[in-house]
Every structure is written in structure tokens, then in C-alpha cells.
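For reference, query05.txt (compact mmCIF, C-alpha atoms):
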# COMPACT_ATOMS: atom_id res chain seq x y z
CA MET M 1 73.61 185.08 76.15
CA ARG M 2 76.19 186.71 73.86
CA ASP M 3 75.29 189.14 71.11
CA THR M 4 75.66 187.84 67.57
CA GLN M 5 77.09 189.50 64.49
CA ILE M 6 73.50 190.32 63.48
CA ASP M 7 72.77 191.98 66.83
CA TYR M 8 75.85 194.18 66.54
CA ALA M 9 75.07 195.07 62.92
CA ARG M 10 71.51 196.10 63.79
CA ASN M 11 72.92 198.40 66.46
CA GLY M 12 75.41 199.92 64.02
CA ILE M 13 78.41 198.41 65.80
CA LEU M 14 81.36 197.12 63.78
CA THR M 15 82.79 193.98 65.38
CA PRO M 16 86.50 193.09 65.08
CA GLU M 17 85.47 190.40 62.60
CA MET M 18 83.55 192.94 60.49
CA LYS M 19 86.59 195.23 60.40
CA GLN M 20 88.69 192.37 59.03
CA ILE M 21 86.06 191.62 56.40
CA ILE M 22 85.96 195.25 55.23
CA GLY M 23 89.66 195.11 54.34
CA LYS M 24 89.45 191.67 52.78
CA GLU M 25 86.28 191.95 50.72
CA ASN M 26 86.32 195.63 49.69
CA ILE M 27 82.89 196.33 51.19
CA ASP M 28 82.27 199.67 52.91
CA GLU M 29 81.15 199.86 56.54
CA ASP M 30 77.54 200.90 56.02
CA THR M 31 76.95 198.30 53.32
CA LEU M 32 78.49 195.56 55.45
CA LEU M 33 76.35 196.46 58.48
CA SER M 34 73.21 196.51 56.35
CA ARG M 35 73.91 193.16 54.71
CA VAL M 36 74.82 191.38 57.95
CA ALA M 37 71.70 192.77 59.61
CA GLU M 38 69.39 191.58 56.82
CA GLY M 39 71.20 188.25 56.44
CA SER M 40 72.36 188.58 52.84
CA LEU M 41 75.96 188.36 54.11
CA ILE M 42 77.07 186.14 56.98
CA ILE M 43 80.36 186.12 58.86
CA MET M 44 81.53 182.67 59.88
CA THR M 45 83.78 182.92 62.91
CA ARG M 46 86.01 180.71 64.97
CA LYS M 47 88.02 181.74 68.02
CA GLY M 48 91.59 182.60 67.08
CA CYS M 49 90.96 182.23 63.33
CA PRO M 50 90.32 184.75 60.54
CA PRO M 51 86.60 185.32 59.87
CA VAL M 52 85.06 184.27 56.55
CA ALA M 53 82.38 186.34 54.80
CA ILE M 54 79.85 184.50 52.65
CA GLY M 55 77.13 186.17 50.63
CA LYS M 56 76.27 189.36 48.79
CA GLY M 57 79.32 191.30 47.65
CA ALA M 58 81.84 188.79 49.01
CA SER M 59 84.07 186.59 46.89
CA THR M 60 82.74 183.09 46.24
CA LYS M 61 83.89 180.75 48.97
CA VAL M 62 84.84 177.05 48.74
CA ASN M 63 84.14 174.36 51.34
CA VAL M 64 86.08 171.10 51.66
CA ASN M 65 84.29 168.00 52.94
CA LEU M 66 86.36 165.41 54.74
CA GLY M 67 85.93 162.80 57.44
CA THR M 68 85.90 159.06 58.00
CA SER M 69 83.16 156.73 56.82
CA ALA M 70 81.73 153.55 58.30
CA ALA M 71 83.74 151.66 55.65
CA LYS M 72 87.09 153.45 55.97
CA ILE M 73 88.73 154.89 59.05
CA ASP M 74 92.20 156.44 58.64
CA VAL M 75 92.66 159.31 61.06
CA ASP M 76 96.12 160.23 59.75
CA ALA M 77 94.70 160.59 56.25
CA GLU M 78 91.93 162.86 57.54
CA ILE M 79 94.46 165.12 59.28
CA GLU M 80 96.48 165.27 56.06
CA LYS M 81 93.32 166.34 54.24
CA VAL M 82 92.91 169.14 56.80
CA ARG M 83 96.46 170.34 56.11
CA ILE M 84 95.85 170.22 52.36
CA ALA M 85 92.65 172.25 52.78
CA ASP M 86 94.59 174.89 54.71
CA LYS M 87 97.57 174.94 52.31
CA TYR M 88 95.63 175.17 49.06
CA GLY M 89 93.16 177.83 50.07
CA ALA M 90 89.93 176.26 51.28
CA ASP M 91 87.70 178.79 53.01
CA THR M 92 85.90 176.32 55.30
CA ILE M 93 85.99 172.63 56.24
CA THR M 94 83.07 170.32 56.93
CA ASP M 95 83.81 167.22 59.02
CA LEU M 96 81.44 164.42 58.00
CA SER M 97 83.04 161.65 60.06
CA MET M 98 80.87 158.59 60.69
CA GLY M 99 83.50 156.04 61.67
CA GLY M 100 85.93 155.60 64.58
CA ASP M 101 86.12 157.95 67.55
CA ILE M 102 84.18 160.80 65.95
CA ARG M 103 84.76 163.34 68.69
CA ALA M 104 88.50 162.65 68.76
CA ILE M 105 88.65 163.02 64.97
CA ARG M 106 86.83 166.34 65.21
CA THR M 107 89.29 167.50 67.87
CA GLY M 108 92.13 166.61 65.50
CA VAL M 109 90.48 168.62 62.73
CA LEU M 110 90.16 171.64 65.02
CA GLU M 111 93.74 171.37 66.25
CA ASN M 112 95.24 171.15 62.77
CA SER M 113 93.26 173.89 61.03
CA LYS M 114 92.74 177.63 61.21
CA LEU M 115 89.52 177.49 59.20
CA PRO M 116 85.88 177.60 60.31
CA ILE M 117 84.55 174.06 60.85
CA THR M 118 81.05 172.80 60.04
CA THR M 119 79.43 169.55 61.15
CA VAL M 120 76.20 167.65 60.51
CA PRO M 121 75.14 166.64 64.06
CA ILE M 122 72.67 163.98 62.91
CA TYR M 123 75.62 161.90 61.61
CA GLN M 124 77.25 161.30 64.99
CA THR M 125 73.86 161.02 66.68
CA ILE M 126 72.78 158.11 64.48
CA VAL M 127 76.17 156.37 64.59
CA GLU M 128 76.36 156.41 68.38
CA CYS M 129 72.68 156.05 69.31
CA GLY M 130 71.42 153.76 66.55
CA MET M 131 68.82 154.45 63.87
CA LYS M 132 65.96 152.76 65.69
CA GLU M 133 66.88 153.85 69.22
CA VAL M 134 67.66 157.54 68.72
CA THR M 135 65.37 160.10 70.37
CA ALA M 136 64.77 163.81 69.87
CA ASP M 137 66.59 164.41 73.15
CA ASP M 138 69.61 162.59 71.73
CA ILE M 139 69.53 164.71 68.57
CA PHE M 140 69.55 167.96 70.53
CA SER M 141 72.14 166.68 72.98
CA TYR M 142 74.60 166.10 70.14
CA LEU M 143 73.73 169.45 68.58
CA ARG M 144 74.52 171.24 71.85
CA ALA M 145 77.72 169.27 72.37
CA GLN M 146 79.09 170.13 68.93
CA VAL M 147 78.21 173.80 69.36
CA ASP M 148 80.03 173.80 72.70
CA GLU M 149 83.09 172.20 71.06
CA GLY M 150 83.54 175.29 68.90
CA MET M 151 81.88 174.56 65.59
CA SER M 152 81.40 177.59 63.35
CA SER M 153 78.38 176.18 61.55
CA VAL M 154 76.03 173.20 61.65
CA VAL M 155 73.91 171.63 58.93
CA LEU M 156 70.35 170.70 59.85
CA HIS M 157 68.00 169.04 57.37
CA CYS M 158 64.54 170.49 57.96
CA VAL M 159 62.55 168.25 55.64
CA GLU M 160 58.82 168.04 56.43
CA LYS M 161 56.50 165.04 56.47
CA ALA M 162 54.47 166.64 53.68
CA THR M 163 57.60 166.92 51.55
CA LEU M 164 58.39 163.24 52.07
CA GLU M 165 54.87 162.40 50.94
CA LYS M 166 55.33 164.61 47.90
CA LEU M 167 58.58 162.81 47.02
CA LYS M 168 56.74 159.47 46.70
CA GLY M 169 54.94 160.55 43.57
CA MET M 170 57.80 162.28 41.82
CA GLY M 171 59.10 159.24 39.93
CA ARG M 172 62.74 160.17 40.40
CA VAL M 173 65.50 157.95 39.02
CA MET M 174 67.71 158.44 42.09
CA GLY M 175 65.17 159.24 44.78
CA MET M 176 66.75 160.94 47.80
CA VAL M 177 70.56 161.26 47.75
CA SER M 178 71.15 163.48 50.79
CA LYS M 179 72.69 161.41 53.59
CA GLY M 180 71.80 163.86 56.37
CA GLY M 181 68.36 164.25 54.87
CA SER M 182 67.82 160.51 54.67
CA LEU M 183 68.90 159.95 58.28
CA THR M 184 66.54 162.68 59.47
CA SER M 185 63.72 161.37 57.28
CA VAL M 186 64.07 157.78 58.48
CA TYR M 187 63.94 159.00 62.09
CA MET M 188 60.67 160.74 61.25
CA LEU M 189 59.23 157.69 59.47
CA ILE M 190 60.21 155.25 62.25
CA ASN M 191 58.69 157.46 64.92
CA GLY M 192 55.72 158.71 62.89
CA CYS M 193 56.59 162.27 63.79
CA GLU M 194 57.35 165.65 62.28
CA ASN M 195 60.93 166.85 61.89
CA PRO M 196 62.35 167.51 65.39
CA PHE M 197 64.32 170.53 64.17
CA ILE M 198 61.15 172.15 62.85
CA GLU M 199 59.02 171.22 65.84
CA ASN M 200 61.66 172.63 68.18
CA PHE M 201 63.01 175.42 65.99
CA ASP M 202 63.00 177.95 68.83
CA GLU M 203 65.31 175.61 70.73
CA VAL M 204 67.54 175.34 67.67
CA ILE M 205 67.75 179.14 67.62
CA ASP M 206 68.59 179.29 71.33
CA VAL M 207 71.37 176.72 70.98
CA LEU M 208 72.98 178.45 67.98
CA ARG M 209 72.66 181.98 69.37
CA LYS M 210 74.66 180.89 72.39
CA LYS M 211 77.91 181.00 70.39
CA ASP M 212 76.84 182.74 67.18
CA VAL M 213 76.96 179.49 65.21
CA VAL M 214 75.76 179.72 61.60
CA LEU M 215 72.73 177.62 60.69
CA SER M 216 73.10 175.89 57.33
CA LEU M 217 69.70 174.65 56.17
CA GLY M 218 70.36 171.37 54.37
CA ASN M 219 69.25 170.38 50.89
CA THR M 220 67.46 167.06 51.37
CA MET M 221 65.59 167.16 48.07
CA ARG M 222 68.46 167.89 45.67
CA SER M 223 68.59 165.93 42.42
CA GLY M 224 70.75 162.81 42.19
CA CYS M 225 71.05 162.83 38.39
CA ILE M 226 70.46 165.35 35.62
CA HIS M 227 67.28 163.54 34.54
CA ASP M 228 65.72 164.18 37.97
CA LEU M 229 64.44 167.65 37.17
CA ASN M 230 63.29 170.38 39.55
CA ASP M 231 60.07 169.05 41.08
CA GLY M 232 57.38 169.72 43.65
CA ALA M 233 59.39 168.24 46.52
CA GLN M 234 62.28 170.59 45.82
CA MET M 235 59.96 173.58 45.67
CA MET M 236 58.37 172.66 48.99
CA GLU M 237 61.79 172.42 50.62
CA ILE M 238 62.92 175.74 49.17
CA ASN M 239 59.86 177.47 50.62
CA THR M 240 60.28 175.79 54.01
CA ASN M 241 63.97 176.68 54.21
CA VAL M 242 63.30 180.30 53.29
CA GLN M 243 60.66 180.62 56.03
CA LEU M 244 62.96 179.02 58.61
CA ALA M 245 65.84 181.24 57.48
CA LYS M 246 63.68 184.32 58.05
CA ARG M 247 62.80 183.14 61.56
CA ALA M 248 66.45 182.50 62.36
CA ASN M 249 67.55 185.87 61.01
CA GLU M 250 64.84 187.72 62.95
CA ALA M 251 66.13 186.01 66.10
CA GLY M 252 69.72 187.07 65.40
CA VAL M 253 71.03 183.74 64.08
CA GLN M 254 73.06 183.84 60.87
CA VAL M 255 71.85 181.43 58.21
CA ILE M 256 72.83 179.89 54.89
CA ILE M 257 70.45 178.04 52.58
CA GLU M 258 71.80 174.94 50.89
CA GLY M 259 70.15 174.46 47.55
CA MET M 260 70.46 173.58 43.91
CA GLY M 261 73.30 171.18 44.62
CA GLY M 262 73.66 167.69 43.25
CA HIS M 263 73.04 167.12 39.54
CA ILE M 264 71.46 169.71 37.22
CA GLN M 265 71.60 169.88 33.45
CA ALA M 266 73.81 172.75 32.35
CA ALA M 267 71.12 174.77 30.60
CA ASP M 268 69.08 174.94 33.84
CA ILE M 269 71.81 176.04 36.26
CA PRO M 270 71.46 179.85 35.89
CA ALA M 271 67.67 179.64 36.15
CA HIS M 272 67.91 177.49 39.30
CA VAL M 273 70.17 180.05 40.98
CA LYS M 274 67.83 182.89 40.01
CA LEU M 275 64.89 180.93 41.42
CA TYR M 276 66.59 180.65 44.82
CA LYS M 277 67.68 184.26 44.76
CA SER M 278 64.13 185.37 43.89
CA LYS M 279 62.87 183.64 47.04
CA SER M 280 65.32 185.28 49.48
CA SER M 281 68.60 187.16 49.77
CA PHE M 282 70.21 184.66 52.15
CA PRO M 283 73.56 183.21 51.00
CA LEU M 284 73.18 180.25 48.65
CA PHE M 285 75.40 177.19 49.18
CA VAL M 286 75.66 174.67 46.33
CA ALA M 287 77.31 171.24 46.10
CA GLY M 288 78.66 171.09 42.55
CA PRO M 289 76.32 171.10 40.73
CA LEU M 290 77.24 168.32 38.34
CA PRO M 291 75.95 169.05 34.81
CA THR M 292 76.59 165.47 33.61
CA ASP M 293 76.45 161.97 35.09
CA ILE M 294 79.12 160.27 32.93
CA ALA M 295 82.27 161.92 34.34
CA LEU M 296 83.14 159.09 36.76
CA GLY M 297 86.65 159.62 38.06
CA TYR M 298 86.56 163.19 36.77
CA ASP M 299 83.57 164.53 38.65
CA HIS M 300 85.76 167.28 40.13
CA ILE M 301 86.11 168.67 36.60
CA ALA M 302 82.41 168.27 35.75
CA GLY M 303 81.50 169.77 39.12
CA ALA M 304 83.81 172.73 38.59
CA VAL M 305 82.12 173.45 35.26
CA GLY M 306 78.72 173.51 36.97
CA ALA M 307 80.06 175.43 39.95
CA SER M 308 81.54 178.20 37.78
CA MET M 309 78.16 178.61 36.10
CA ALA M 310 76.34 178.62 39.45
CA SER M 311 78.76 181.09 41.02
CA GLY M 312 78.59 183.36 38.00
CA ALA M 313 74.78 183.32 38.22
CA GLY M 314 74.89 184.37 41.89
CA ALA M 315 75.67 181.36 44.12
CA ASP M 316 77.76 182.46 47.10
CA TYR M 317 79.36 179.31 48.51
CA LEU M 318 80.57 176.15 46.77
CA CYS M 319 81.03 172.68 48.21
CA TYR M 320 83.83 170.98 46.30
CA ILE M 321 83.65 167.59 44.61
CA THR M 322 86.64 165.25 44.26
CA PRO M 323 87.59 162.68 41.58
CA ALA M 324 86.36 160.01 44.02
CA GLU M 325 82.76 161.29 43.99
CA HIS M 326 80.30 158.36 43.61
CA LEU M 327 83.22 155.91 43.87
CA SER M 328 84.98 155.96 47.25
CA LEU M 329 86.09 158.01 50.23
CA PRO M 330 88.57 160.52 48.77
CA GLY M 331 92.23 160.39 49.77
CA PRO M 332 94.44 163.45 50.41
CA GLU M 333 95.54 163.82 46.78
CA GLN M 334 91.95 163.66 45.57
CA VAL M 335 91.04 166.36 48.10
CA ARG M 336 93.77 168.58 46.63
CA LYS M 337 92.54 168.05 43.07
CA GLY M 338 88.93 168.73 44.02
CA LEU M 339 89.82 171.85 45.99
CA ILE M 340 91.92 173.37 43.20
CA ALA M 341 89.21 172.61 40.63
CA PHE M 342 86.65 174.47 42.75
CA LYS M 343 89.00 177.35 43.53
CA ILE M 344 89.22 177.80 39.75
CA ALA M 345 85.41 177.62 39.52
CA ALA M 346 85.00 180.24 42.27
CA HIS M 347 87.49 182.54 40.55
CA ILE M 348 85.69 182.21 37.21
CA GLY M 349 82.35 182.81 38.91
CA ASP M 350 83.67 185.95 40.59
CA SER M 351 84.91 187.26 37.24
CA MET M 352 81.35 186.89 35.96
CA LYS M 353 79.80 188.55 39.02
CA TYR M 354 82.32 191.28 39.74
CA GLY M 355 84.49 191.67 36.64
CA MET M 356 87.94 190.47 35.68
CA SER M 357 90.58 190.04 38.37
CA ASN M 358 93.85 191.97 38.38
CA ARG M 359 95.50 188.68 39.32
CA ASP M 360 94.82 187.33 35.82
CA LEU M 361 96.36 190.45 34.27
CA LEU M 362 99.46 190.22 36.43
CA LEU M 363 99.97 186.57 35.52
CA ALA M 364 99.55 187.32 31.82
CA GLN M 365 102.14 190.08 32.04
CA LYS M 366 104.59 187.72 33.71
CA ARG M 367 103.81 185.00 31.15
CA ALA M 368 104.60 187.45 28.33
CA ARG M 369 108.05 187.98 29.92
CA PHE M 370 108.68 184.26 30.55
CA ASP M 371 108.75 185.09 34.26
CA TRP M 372 108.04 181.58 35.49
CA GLU M 373 108.59 182.24 39.18
CA GLY M 374 106.24 185.21 39.01
CA GLN M 375 103.60 182.99 37.41
CA MET M 376 104.02 180.40 40.15
CA GLU M 377 103.42 183.04 42.81
CA LEU M 378 100.09 183.98 41.22
CA ALA M 379 98.90 180.45 40.41
CA LEU M 380 96.17 178.85 42.53
CA ASP M 381 98.45 175.82 42.93
CA SER M 382 102.14 176.61 42.41
CA ASP M 383 103.42 173.12 43.23
CA ARG M 384 102.13 171.25 40.21
CA PRO M 385 103.05 173.79 37.49
CA ARG M 386 106.52 174.26 39.00
CA ASP M 387 107.16 170.57 38.35
CA ILE M 388 106.13 170.97 34.70
CA CYS M 389 107.52 174.32 33.50
CA PRO M 390 111.17 175.01 32.43
CA MET M 391 111.63 177.96 34.84
CA THR M 392 113.64 179.76 32.13
CA GLY M 393 112.87 180.79 28.55
CA PRO M 394 109.90 179.52 26.47
CA CYS M 395 108.22 176.24 27.38
CA SER M 396 108.91 173.03 25.46
CA MET M 397 105.56 173.14 23.64
CA CYS M 398 107.09 175.47 21.02
CA GLY M 399 110.68 176.02 22.14
CA GLU M 400 112.49 178.41 19.79
CA TYR M 401 109.32 178.72 17.69
CA CYS M 402 107.34 180.34 20.51
CA ALA M 403 105.02 182.93 18.95
CA ILE M 404 105.65 185.47 21.71
CA LYS M 405 109.44 185.12 21.38
CA ILE M 406 109.45 185.21 17.56
CA MET M 407 107.44 188.41 17.33
CA ARG M 408 109.28 190.12 20.17
CA ASP M 409 112.68 189.27 18.67
CA TYR M 410 111.53 190.46 15.25
CA LEU M 411 110.04 193.73 16.50
CA GLU M 412 112.94 194.50 18.81
CA GLY M 413 115.44 193.65 16.09
CA ASP M 414 113.62 195.94 13.64
CA LYS M 415 114.08 199.00 15.82
Show me this structure written as C-alpha cells.
Amino acid sequence: MRDTQIDYARNGILTPEMKQIIGKENIDEDTLLSRVAEGSLIIMTRKGCPPVAIGKGASTKVNVNLGTSAAKIDVDAEIEKVRIADKYGADTITDLSMGGDIRAIRTGVLENSKLPITTVPIYQTIVECGMKEVTADDIFSYLRAQVDEGMSSVVLHCVEKATLEKLKGMGRVMGMVSKGGSLTSVYMLINGCENPFIENFDEVIDVLRKKDVVLSLGNTMRSGCIHDLNDGAQMMEINTNVQLAKRANEAGVQVIIEGMGGHIQAADIPAHVKLYKSKSSFPLFVAGPLPTDIALGYDHIAGAVGASMASGAGADYLCYITPAEHLSLPGPEQVRKGLIAFKIAAHIGDSMKYGMSNRDLLLAQKRARFDWEGQMELALDSDRPRDICPMTGPCSMCGEYCAIKIMRDYLEGDK
């Protein structure tokens, strides 16, 4: 069985991936080794692709979800989404396909991307085995198969029977909104059993260690609207995920905890992040969060507002939201808009965590000189602003009455 990044770090050995991270993230060798060993920083790898560092001291990363649904299957559109994710700076991709030839779609995603790929194995398991027929052996068979195909990370929802019982009395407006969590929960309810991932967690560890695949512990109990406040079911899941994360880390498996995603009123977002961080130092992955429920068609903007707050408070990894959230399967253009919105959120969050970026200063200096091409080179998305700006002189908002131009002309003429 191969050594993992954690094994090497605990032995004081810098892997080729670690050496790349040192240059990219501005983290010194000893600090990197310490953080990888303890699990506060993980390195997501994929053969032939640049590694991605997520966690303490690293820049906030952004994940793009894509994939077919049972209602819409357009493989060409999914491949275009992959290309958009690569072009506009996604750090990772998660393939959530549940329609069509799922394995072939995943192969297409792998072939058209140089990013780490995550999957949720329970999705394909249920689609191809059936909700009522699926067995624990099936679940682990699909987990092994996806690991062997070269996934960088997998999401497993480790909800417990006791947590499901707790949920019944919570009086939530939206109930459970996690798809992977609901599929896992229904399997447990149909079979009257405990969660197979928890019951067989040592086997989970063995499977993931085989290829140093990152375990992402899913967030089954996240809130589905801002009026569903932090409750007992969420707290039980947090505690379970932290304990499982510790077991995985001790065994040399890198782990991320998904939490605090979904919908959270704005005033509570920093406190939620601090709660998770007080429980453990493992990287925190958040979806959104959305601080309002009335932004239909603009949830990428609302989500980016929440995500910037979460990142600034200490969240390490953001899952983007598109304008199609709650409405439909997003198309390629909606993926682009969602990704750019969350790249902005990550950048703002990093400025709160680590201080202002020199990139902002450089762009401001070029803006002061009406250097449009220079601004485009520094923009997160250069395509859209290039279609809008004049590329020479002041913009048409003020024209000859541009404040910068007026004062510069006056001061230069006064010399």
C-alpha cells in the first residue's frame, strides 16, 4: 500500500507535490510538513496535474459542481462546463452526474480537465442499483471503482441513526436538503441499519489510503433556509464528523469536513465558522452559504456575499453556486457566472484572512493610467470587461469629465 502525503509529512519527507505547494502558497517547509501531518492542510492530487492545497495558510479554494441529472442529460454541455471551470480558474471539480452513462461522463470529465476531481459514490450506486435493492456491498463496490478510476476526493455522508431521530423533532421548514445525505439516510431507513460508512469505517480508510484519496465528510444536516437555525441535529453531525476525521487522519488519510453550507442568516456566518474551527483544525468546506432566500436567479451573488464572509472568518474551501440554484440544472454560461462570483468571494475572504493583495494594487495603478489591457490581464475574468471597456482613454461613464483625468491634467498643467 502506497504512503500518503500524511505519512511522508510525519517522516519529515517533502513530496514533489509539497515542493510545488511551497512555491505556490508561500508556506515554509517545516510549517507545511507540520500542517499536513496534523491534517490542518491537505494536498489534493491527481496524476499528471498540479496539486491543490486546501486549509490553514493556503489561499481559499473554489470548487465547481457539474454533472447530468435524471431530468437533463447533455454530455456536450457537461464537457463545456469542464472547459469553463479550467479556463476561469476553478481549483477543483465535483462530478455529480446521475443521468446517462455515468462512468463515460466521468471519463470525459477526466480527459478534458487538469483539475482534481471529486465524486459522491452514493449517487451512481443508487442510480444503477435502485433505492430499494442496493446493498452495502454495492455501496463499497462503487466506492472502490471510483477510487480506482483516479478520483482525487470522494464525499461520504456519515449521518447516524441517532441524528436522523434527532432531526424529526427539530421542526425545520425545509427538513433535509442534502441529496447525498438523503440517499444514504433512506438506505438506512429501508434496511433498518446504521450508516454503512460508519459501521465499516476501517474499510473506508483502507480503500482511500490505497491511492491517497481525500475523504470529504458530507454535510447532511445543513440548513435549507435561513429560518432553519443551527440545531441539535447539526451539532450531532459536527461532532461525528470531527471524530471520524480524527480517525482518518490518524490512519494517514487526508480529510476535509463539509459544514455550515446551505442557508445561514448573515449575522450568524462568522460565529458558525468559529464553531467549526473550535471543534477541529481540519479544512472547512462550505457550500455558499446563502444569507437570504429571496435571490432566485441571482443566488450566485447572494452566495458570494455569504462565501466572502465565511472565507474571511476562516473557511478554507468554497463550493460555488450558480444563478440556476433552486431552479434548474445550470448551463455552461451559468457555471461561468457562478465560478467568477465565487472567485471574487475567495479573493475577498483571503484579503480578510491574510491582508490586501498586491494584485488589487497593480490593477488600481493601471486603472489610474487608463491602461485597459493591463487591467484585463489582472481581472478575474478578462473576457467580459474587454467587451465593455473603451480600451483607450477614460470610460464612457464620465468621458472628458473623468475625475482622474481632470485633476491630472490640471496638476500637470500647473507645473
Atom CA of Ser223 of chain M and atom CA of Cys193 of chain M, how far apart in Å? 24.8 Å
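Summary of the local environment: counting all atoms listed in the file, residues at most 9 Å from segment 67-69 of chain M, other than itself and those fewer than 4 positions away along its chain, are M:Ile73, M:Asp74, M:Val75, M:Glu78, M:Lys81, M:Thr94, M:Asp95, M:Leu96, M:Ser97, M:Met98, M:Gly99, M:Gly100, M:Ile102, M:Ile105, M:Arg106, M:Leu329.
Atom CA of Arg144 of chain M is positioned 19.1 Å from atom CA of Ile256 of chain M.
If all atoms listed in the file are the atoms counted, then among M:Gln254, M:Asn230, M:Thr60, M:Asn191 the closest residue to Ala9 of chain M is M:Gln254.
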Determine, using only C-alpha atoms, which residues of segment 72-145 of chain M have any atom at most 12 Å from an atom of segment 336-356 of chain M, and tabulate each with its shortest atom pair and distance in Å to one decimal place, rows ordered by chain and then rising number, as JSON lines.
{"residue": "M:Glu80", "atom": "CA", "partner": "M:Arg336", "partner_atom": "CA", "distance": 10.4}
{"residue": "M:Lys81", "atom": "CA", "partner": "M:Arg336", "partner_atom": "CA", "distance": 7.9}
{"residue": "M:Val82", "atom": "CA", "partner": "M:Arg336", "partner_atom": "CA", "distance": 10.2}
{"residue": "M:Arg83", "atom": "CA", "partner": "M:Arg336", "partner_atom": "CA", "distance": 10.0}
{"residue": "M:Ile84", "atom": "CA", "partner": "M:Arg336", "partner_atom": "CA", "distance": 6.3}
{"residue": "M:Ala85", "atom": "CA", "partner": "M:Arg336", "partner_atom": "CA", "distance": 7.2}
{"residue": "M:Asp86", "atom": "CA", "partner": "M:Arg336", "partner_atom": "CA", "distance": 10.3}
{"residue": "M:Lys87", "atom": "CA", "partner": "M:Arg336", "partner_atom": "CA", "distance": 9.3}
{"residue": "M:Tyr88", "atom": "CA", "partner": "M:Ile340", "partner_atom": "CA", "distance": 7.2}
{"residue": "M:Gly89", "atom": "CA", "partner": "M:Lys343", "partner_atom": "CA", "distance": 7.8}
{"residue": "M:Ala90", "atom": "CA", "partner": "M:Leu339", "partner_atom": "CA", "distance": 6.9}
{"residue": "M:Asp91", "atom": "CA", "partner": "M:Lys343", "partner_atom": "CA", "distance": 9.7}
{"residue": "M:Thr92", "atom": "CA", "partner": "M:Leu339", "partner_atom": "CA", "distance": 11.0}
{"residue": "M:Ile93", "atom": "CA", "partner": "M:Leu339", "partner_atom": "CA", "distance": 11.0}
Residue contacts of segment 268-284 of chain M (7 Å, all atoms listed in the file) excluding same-chain residues fewer than 5 positions away, as a PyMOL selection string: chain M and resi 39-41+54-55+242+256-260+309-310+313-317
Contacts of Asp387 of chain M within 12 Å, all atoms listed in the file, excl. fewer than 6 positions in-chain, as a ChimeraX atom specification: /M:372-373,376,381
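Among the candidates M:Asp371, M:Glu377, M:Asp383, M:Asp212, the one nearest to Arg359 of chain M when counting all atoms listed in the file is M:Glu377.
Among M:Met170, M:Leu363, M:Leu208, M:Met188, the residue with the shortest atom-to-atom distance to Leu380 of chain M, counting all atoms listed in the file, is M:Leu363.
Counting from atom CA of Val62 of chain M, the distance to atom CA of Cys319 of chain M is 5.8 Å.
Counting all atoms listed in the file, the residue from M:Ser396, M:Thr31, M:Gln234, M:Asn219 that sits nearest to Gly12 of chain M is M:Thr31.
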Write out as a ChimeraX atom specification which residues come within 9 Å of Ile301 of chain M when counting all atoms listed in the file, dropping same-chain ones fewer than 2 positions away. /M:295,298-299,303-306,321-323,338,341-342
